[in-house]
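Just data-v4.cif here, mmCIF, C-alpha atoms and all ligand atoms:
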data_input
#
loop_
_atom_site.label_atom_id
_atom_site.label_comp_id
_atom_site.auth_asym_id
_atom_site.auth_seq_id
_atom_site.Cartn_x
_atom_site.Cartn_y
_atom_site.Cartn_z
CA MET A 1 1.61 -30.50 -6.80
CA ARG A 2 4.24 -29.36 -4.30
CA CYS A 3 7.47 -30.97 -3.09
CA LEU A 4 6.94 -32.46 0.38
CA LEU A 5 10.30 -31.11 1.52
CA CYS A 6 10.89 -27.65 0.05
CA HIS A 7 7.31 -26.93 -1.13
CA ALA A 8 8.49 -25.96 -4.64
CA SER A 9 5.88 -26.81 -7.20
CA ILE A 10 6.50 -29.97 -9.20
CA GLU A 11 5.50 -29.52 -12.81
CA GLN A 12 3.72 -32.50 -14.21
CA ASP A 13 0.78 -33.53 -16.28
CA VAL A 14 -1.36 -36.12 -14.67
CA ASN A 15 -1.51 -39.04 -17.05
CA TRP A 16 -0.73 -42.75 -16.97
CA ASP A 17 2.96 -42.05 -17.35
CA THR A 18 3.17 -39.99 -14.14
CA VAL A 19 0.97 -42.41 -12.24
CA LEU A 20 3.41 -45.20 -13.08
CA LYS A 21 6.48 -43.22 -12.07
CA PRO A 22 8.22 -44.05 -8.76
CA VAL A 23 6.43 -42.34 -5.92
CA GLU A 24 9.44 -40.19 -4.95
CA THR A 25 9.37 -38.34 -8.27
CA ARG A 26 5.75 -37.47 -7.55
CA VAL A 27 6.29 -36.30 -3.95
CA MET A 28 9.60 -34.45 -4.17
CA CYS A 29 11.45 -32.21 -6.61
CA ALA A 30 14.63 -33.30 -8.41
CA ALA A 31 16.88 -31.13 -6.21
CA CYS A 32 15.50 -32.67 -3.00
CA ARG A 33 15.79 -36.11 -4.51
CA GLU A 34 19.56 -35.53 -4.73
CA THR A 35 19.76 -35.09 -0.96
CA LEU A 36 19.02 -38.82 -0.62
CA PRO A 37 22.12 -40.60 -2.01
CA LEU A 38 21.87 -44.38 -2.12
CA ILE A 39 24.77 -46.43 -0.74
CA GLU A 40 26.66 -47.99 -3.63
CA GLY A 41 30.09 -49.50 -4.23
CA ASN A 42 32.39 -51.00 -1.60
CA VAL A 43 30.99 -51.35 1.91
CA CYS A 44 31.86 -53.05 5.18
CA PRO A 45 30.11 -56.47 4.94
CA ILE A 46 28.86 -56.19 8.52
CA CYS A 47 27.68 -52.60 9.01
CA ASN A 48 27.36 -51.33 5.40
CA ARG A 49 29.72 -48.37 5.94
CA LYS A 50 31.19 -47.06 2.69
CA MET A 51 34.76 -48.35 2.31
CA ASP A 52 37.62 -48.18 -0.18
CA CYS A 53 37.48 -51.96 -0.49
CA ASN A 54 35.09 -54.67 0.75
CA ALA A 55 36.86 -55.11 4.11
CA THR A 56 35.39 -55.25 7.62
CA CYS A 57 35.70 -51.75 9.14
CA SER A 58 37.71 -51.13 12.31
CA ASP A 59 34.57 -50.54 14.44
CA CYS A 60 33.07 -53.89 13.41
CA GLN A 61 36.40 -55.60 14.02
CA LYS A 62 36.25 -54.29 17.60
CA TRP A 63 32.67 -55.49 18.08
CA GLU A 64 33.58 -58.91 16.70
CA GLN A 65 36.65 -59.20 18.92
CA SER A 66 34.50 -58.86 22.04
CA ASP A 67 33.27 -62.15 23.54
CA LYS A 68 30.06 -60.44 24.58
CA TRP A 69 29.24 -58.92 21.19
CA GLN A 70 30.72 -61.30 18.65
CA GLY A 71 28.08 -62.35 16.10
CA VAL A 72 25.21 -60.66 17.98
CA LEU A 73 24.29 -58.56 14.95
CA LYS A 74 25.09 -60.59 11.83
CA ARG A 75 24.87 -57.71 9.39
CA ASN A 76 23.29 -54.34 8.79
CA GLN A 77 21.93 -53.00 5.52
CA SER A 78 21.28 -49.28 5.07
CA LEU A 79 19.75 -47.26 2.27
CA TYR A 80 21.31 -43.76 2.26
CA HIS A 81 24.65 -42.21 3.19
CA TYR A 82 24.60 -39.73 6.00
CA HIS A 83 25.43 -36.12 5.09
CA GLU A 84 24.24 -32.67 6.11
CA GLY A 85 21.44 -32.53 3.57
CA ILE A 86 19.93 -35.77 4.81
CA GLN A 87 20.13 -34.55 8.41
CA GLU A 88 17.83 -31.71 7.41
CA VAL A 89 15.32 -34.19 5.94
CA ILE A 90 15.37 -36.30 9.10
CA THR A 91 15.01 -33.29 11.38
CA GLN A 92 11.98 -32.13 9.40
CA TRP A 93 10.52 -35.61 9.57
CA LYS A 94 11.09 -35.83 13.31
CA TYR A 95 9.62 -32.47 14.19
CA ARG A 96 6.79 -32.30 11.74
CA GLY A 97 5.83 -35.46 13.56
CA ASP A 98 3.81 -37.06 10.81
CA TYR A 99 3.72 -40.15 8.67
CA VAL A 100 3.58 -38.08 5.47
CA LEU A 101 7.32 -37.55 4.95
CA VAL A 102 7.94 -41.28 5.06
CA LYS A 103 6.61 -41.27 1.46
CA LEU A 104 9.94 -39.74 0.44
CA PHE A 105 11.62 -43.08 1.07
CA GLN A 106 8.80 -45.35 0.01
CA SER A 107 9.96 -46.55 -3.40
CA ASP A 108 13.61 -46.93 -2.34
CA ILE A 109 12.48 -49.04 0.61
CA GLU A 110 10.11 -51.09 -1.53
CA ARG A 111 12.94 -51.74 -4.00
CA ILE A 112 15.38 -52.95 -1.34
CA VAL A 113 12.73 -55.14 0.30
CA LYS A 114 12.09 -56.75 -3.08
CA ASP A 115 15.83 -57.28 -3.67
CA ARG A 116 16.41 -58.76 -0.22
CA ARG A 117 13.19 -60.69 0.27
CA LYS A 118 14.88 -64.08 -0.04
CA GLN A 119 17.82 -63.25 2.26
CA TRP A 120 16.16 -61.22 5.01
CA PRO A 121 14.43 -62.68 8.07
CA THR A 122 10.66 -62.30 7.73
CA ALA A 123 10.00 -61.01 11.26
CA VAL A 124 10.43 -57.21 10.99
CA VAL A 125 10.97 -55.66 14.43
CA PRO A 126 11.13 -51.86 14.79
CA ILE A 127 13.39 -50.41 17.50
CA PRO A 128 10.93 -48.92 20.01
CA LEU A 129 11.10 -45.48 21.60
CA SER A 130 10.67 -45.22 25.35
CA SER A 131 7.07 -44.36 26.23
CA GLU A 132 8.29 -40.98 27.47
CA ARG A 133 9.87 -40.10 24.11
CA LEU A 134 6.93 -41.48 22.16
CA VAL A 135 4.55 -39.17 24.01
CA GLU A 136 6.88 -36.22 23.39
CA ARG A 137 7.29 -36.88 19.66
CA GLY A 138 3.98 -38.52 18.82
CA PHE A 139 5.37 -41.11 16.44
CA ASN A 140 8.22 -43.58 16.02
CA GLN A 141 10.29 -43.25 12.84
CA ALA A 142 11.48 -46.86 13.02
CA GLU A 143 7.84 -47.98 13.14
CA ALA A 144 6.99 -45.83 10.10
CA ILE A 145 9.87 -47.40 8.14
CA ALA A 146 8.90 -50.91 9.24
CA ARG A 147 5.32 -50.33 8.05
CA LEU A 148 6.61 -49.58 4.56
CA MET A 149 8.43 -52.92 4.65
CA THR A 150 5.68 -55.18 5.90
CA ARG A 151 2.02 -55.01 6.76
CA LYS A 152 2.72 -56.58 10.11
CA PRO A 153 5.75 -55.34 12.05
CA VAL A 154 6.35 -57.49 15.12
CA HIS A 155 6.72 -55.76 18.46
CA LEU A 156 9.09 -57.79 20.59
CA LEU A 157 11.04 -55.11 22.41
CA GLU A 158 10.45 -52.59 25.14
CA ARG A 159 12.78 -49.67 25.80
CA LEU A 160 13.46 -48.66 29.35
CA ASP A 161 15.81 -45.67 29.04
CA SER A 162 14.95 -42.14 27.96
CA GLU A 163 17.35 -42.04 24.95
CA LYS A 164 19.26 -39.08 26.37
CA GLN A 165 21.93 -38.26 23.84
CA SER A 166 24.78 -37.94 26.31
CA LYS A 167 28.24 -38.59 24.94
CA LYS A 168 29.47 -41.96 26.04
CA THR A 169 32.92 -43.43 25.80
CA ARG A 170 33.33 -46.59 23.83
CA TYR A 171 33.73 -48.56 27.08
CA GLU A 172 30.48 -47.11 28.45
CA ARG A 173 28.67 -47.89 25.21
CA LEU A 174 29.74 -51.53 25.33
CA ASN A 175 29.17 -52.15 29.02
CA ARG A 176 26.03 -50.35 30.08
CA ILE A 177 22.87 -52.01 31.35
CA ASN A 178 20.81 -53.13 28.36
CA PRO A 179 18.06 -50.52 27.77
CA PHE A 180 15.96 -53.10 25.90
CA ARG A 181 13.82 -55.88 27.24
CA SER A 182 12.54 -58.62 24.95
CA LYS A 183 9.33 -60.61 25.02
CA THR A 184 10.08 -64.16 26.05
CA SER A 185 8.61 -65.78 22.95
CA VAL A 186 10.69 -64.80 19.90
CA PRO A 187 11.05 -66.15 16.36
CA PRO A 188 14.45 -67.69 15.47
CA HIS A 189 15.28 -65.03 12.85
CA VAL A 190 14.68 -61.28 13.16
CA LEU A 191 15.25 -58.16 11.06
CA LEU A 192 15.58 -55.11 13.30
CA VAL A 193 14.60 -51.75 11.81
CA ASP A 194 15.78 -48.28 12.82
CA ASP A 195 16.15 -44.85 11.22
CA ILE A 196 19.93 -44.55 11.53
CA TYR A 197 22.98 -46.70 12.28
CA THR A 198 25.53 -44.48 14.00
CA THR A 199 27.77 -46.38 16.42
CA GLY A 200 25.77 -49.60 16.04
CA ALA A 201 25.31 -49.79 19.82
CA THR A 202 21.50 -49.35 19.86
CA LEU A 203 20.96 -52.15 17.34
CA ARG A 204 23.39 -54.44 19.14
CA TYR A 205 21.73 -53.96 22.52
CA ALA A 206 18.36 -54.69 20.94
CA ALA A 207 19.85 -57.76 19.24
CA LYS A 208 21.40 -58.87 22.52
CA ALA A 209 18.02 -58.72 24.29
CA LEU A 210 16.48 -60.86 21.53
CA GLN A 211 19.38 -63.29 21.58
CA ASP A 212 19.07 -63.69 25.36
CA ALA A 213 15.40 -64.57 24.77
CA GLY A 214 16.42 -67.31 22.33
CA CYS A 215 16.63 -65.62 18.93
CA LEU A 216 19.39 -67.20 16.82
CA HIS A 217 19.99 -64.87 13.88
CA ILE A 218 19.55 -61.10 13.92
CA GLU A 219 20.15 -58.66 11.08
CA SER A 220 19.18 -55.03 10.75
CA PHE A 221 17.99 -52.47 8.22
CA THR A 222 18.34 -48.73 8.71
CA LEU A 223 17.33 -45.84 6.48
CA ILE A 224 20.70 -44.13 6.97
CA ARG A 225 24.24 -45.29 7.63
CA GLY A 226 25.65 -42.50 9.82
ZN ZN B 1 12.05 -30.02 -3.05
ZN ZN B 2 31.59 -52.20 9.74
#

Can the structure from this file be put into structure tokens for me?
Ligand SMILES: [Zn+2]
Ligand SMILES: [Zn+2]
Amino acid sequence: MRCLLCHASIEQDVNWDTVLKPVETRVMCAACRETLPLIEGNVCPICNRKMDCNATCSDCQKWEQSDKWQGVLKRNQSLYHYHEGIQEVITQWKYRGDYVLVKLFQSDIERIVKDRRKQWPTAVVPIPLSSERLVERGFNQAEAIARLMTRKPVHLLERLDSEKQSKKTRYERLNRINPFRSKTSVPPHVLLVDDIYTTGATLRYAAKALQDAGCLHIESFTLIRG
């Protein structure tokens, strides 16, 4: 068997012991496994950024001080810290354009879903790509993550922009036209899912569209906290 990431061979005997092992030890080698560090210790209670103490980070304080954005996204939970090694994994995943690499995260995602089942909203809503980007890439990473979390992701959002990665100032990020449009019938509680939380703007615009449609409580889960 070969590591999904680096293609090194993974030595193992196939017996009941290996079948019962977490899936990531069967699909990737130990060295690649280390490129996926779980978030542990002190974090910002809103965005899950790693902190020296459990205090709200300065970015979240700014979001919460804005009348427009206060309370729009109640909290975000992420799985892995961002670092260069993980960027390589994500780039491979993006450009190999398949649902195979999502197996790398499968057991970590299943574990967190089990831990959070009672707290998390049951409606799992992946952040959509614009149709233009979806055609270009062939698959949506947020959708692949959501499918590991639930058999039935709910599609409530449509994305109108083309996700061009132009640098925006903070003011522009907070005051642009919302790129998301929500269906008019929404459940009261939603868990948004995306691959990465970077500035938090994408998730908040999506949450804002849902809130405008009547959703009362929106949280998010991302694979990586950037
Ligand atoms: Zn490997
Ligand atoms: Zn924060």

>> Taking only C-alpha atoms and all ligand atoms and a cut-off of 12 Å, can you tell me which residues surround ligand ZN 2 (chain B), written as a ChimeraX atom specification?
In response: /A:42-51,53-64,73-78,197-200,225-226

Site check for ligand ZN 1 (chain B): residues at most 8 Å away, only C-alpha atoms and all ligand atoms, as a PDB file with C-alpha atoms, keeping the file's coordinate frame:
ATOM      1  CA  ARG A   2       4.240 -29.360  -4.300  1.00  0.00           C
ATOM      2  CA  CYS A   3       7.470 -30.970  -3.090  1.00  0.00           C
ATOM      3  CA  LEU A   4       6.940 -32.460   0.380  1.00  0.00           C
ATOM      4  CA  LEU A   5      10.300 -31.110   1.520  1.00  0.00           C
ATOM      5  CA  CYS A   6      10.890 -27.650   0.050  1.00  0.00           C
ATOM      6  CA  HIS A   7       7.310 -26.930  -1.130  1.00  0.00           C
ATOM      7  CA  ALA A   8       8.490 -25.960  -4.640  1.00  0.00           C
ATOM      8  CA  MET A  28       9.600 -34.450  -4.170  1.00  0.00           C
ATOM      9  CA  CYS A  29      11.450 -32.210  -6.610  1.00  0.00           C
ATOM     10  CA  ALA A  30      14.630 -33.300  -8.410  1.00  0.00           C
ATOM     11  CA  ALA A  31      16.880 -31.130  -6.210  1.00  0.00           C
ATOM     12  CA  CYS A  32      15.500 -32.670  -3.000  1.00  0.00           C
ATOM     13  CA  ARG A  33      15.790 -36.110  -4.510  1.00  0.00           C
TER      14      ARG A  33
END

>> List the spatial neighbours of Thr150 (chain A) as a ChimeraX atom specification - criterion: any atom at most 12 Å away, all atoms listed in the file, same-chain residues fewer than 5 positions off excluded.
In response: /A:106,109-110,113-114,117,121-126,143-145,191,193

> How far is it from CA of Leu148 (chain A) to CA of Arg111 (chain A), in Å with one decimal?
Replying inline: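 Straight-line distance from CA of Leu148 (chain A) to CA of Arg111 (chain A) works out to 10.9 Å.
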
>> So the first atom is CA of Asp67 (chain A) and the second is CA of Val186 (chain A); what is the distance between them in Å, to one decimal place?
In response: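 These atoms are spaced 23.0 Å apart.
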
> With all atoms listed in the file as the basis for distance, which of A:Glu34, A:Gln141, A:Ile112, A:Trp120 is at the shortest distance from Asp98 (chain A)?
Replying inline: A:Gln141

> Neighbours of region 128-138 of chain A within 9 Å (all atoms listed in the file; same-chain residues fewer than 5 positions away dropped), as a count of residues only?
Replying inline: 15

> So which one's closest to Phe139 (chain A), A:Arg151, A:Arg181, A:Arg96, A:Arg173? Using all atoms listed in the file, please.
Replying inline: A:Arg96

> Taking into account all atoms listed in the file, which residue in the set A:Met1, A:Val154, A:Arg170, A:Leu192 is nearest to Ala209 (chain A)?
Replying inline: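 Answer, going by the shortest atom-to-atom distance: A:Leu192.
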
Let me know the centre plus edge lengths, in Å and rounded to one decimal, of a box with edges along x, y and z that contains all listed atoms of region 57-74 of chain A and is padded by 3 Å on every side, as JSON.
{"center_x": 31.0, "center_y": -56.4, "center_z": 16.9, "size_x": 19.4, "size_y": 17.8, "size_z": 21.4}

>> So the first atom is CA of Gly214 (chain A) and the second is CA of Pro188 (chain A); what is the distance between them in Å, to one decimal place?
In response: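 Distance between the two atoms: 7.1 Å.
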
>> Considering only C-alpha atoms, can you say which of A:Ile224, A:Val89, A:Leu156, A:Leu210 comes closest to Ile196 (chain A)?
In response: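 Checking each of A:Ile224, A:Val89, A:Leu156, A:Leu210 against Ile196 (chain A), counting only C-alpha atoms, the winner is A:Ile224.
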
> Nearest to Val190 (chain A): which of A:Lys168, A:Val72, A:Glu88, A:Asp108 is it, counting all atoms listed in the file?
Replying inline: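 The shortest atom-to-atom distance to Val190 (chain A) comes from A:Val72.
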
>> Using all atoms listed in the file, can you tell me which of A:Ile86, A:Ala146, A:Leu203, A:Leu174 comes closest to Thr35 (chain A)?
In response: A:Ile86
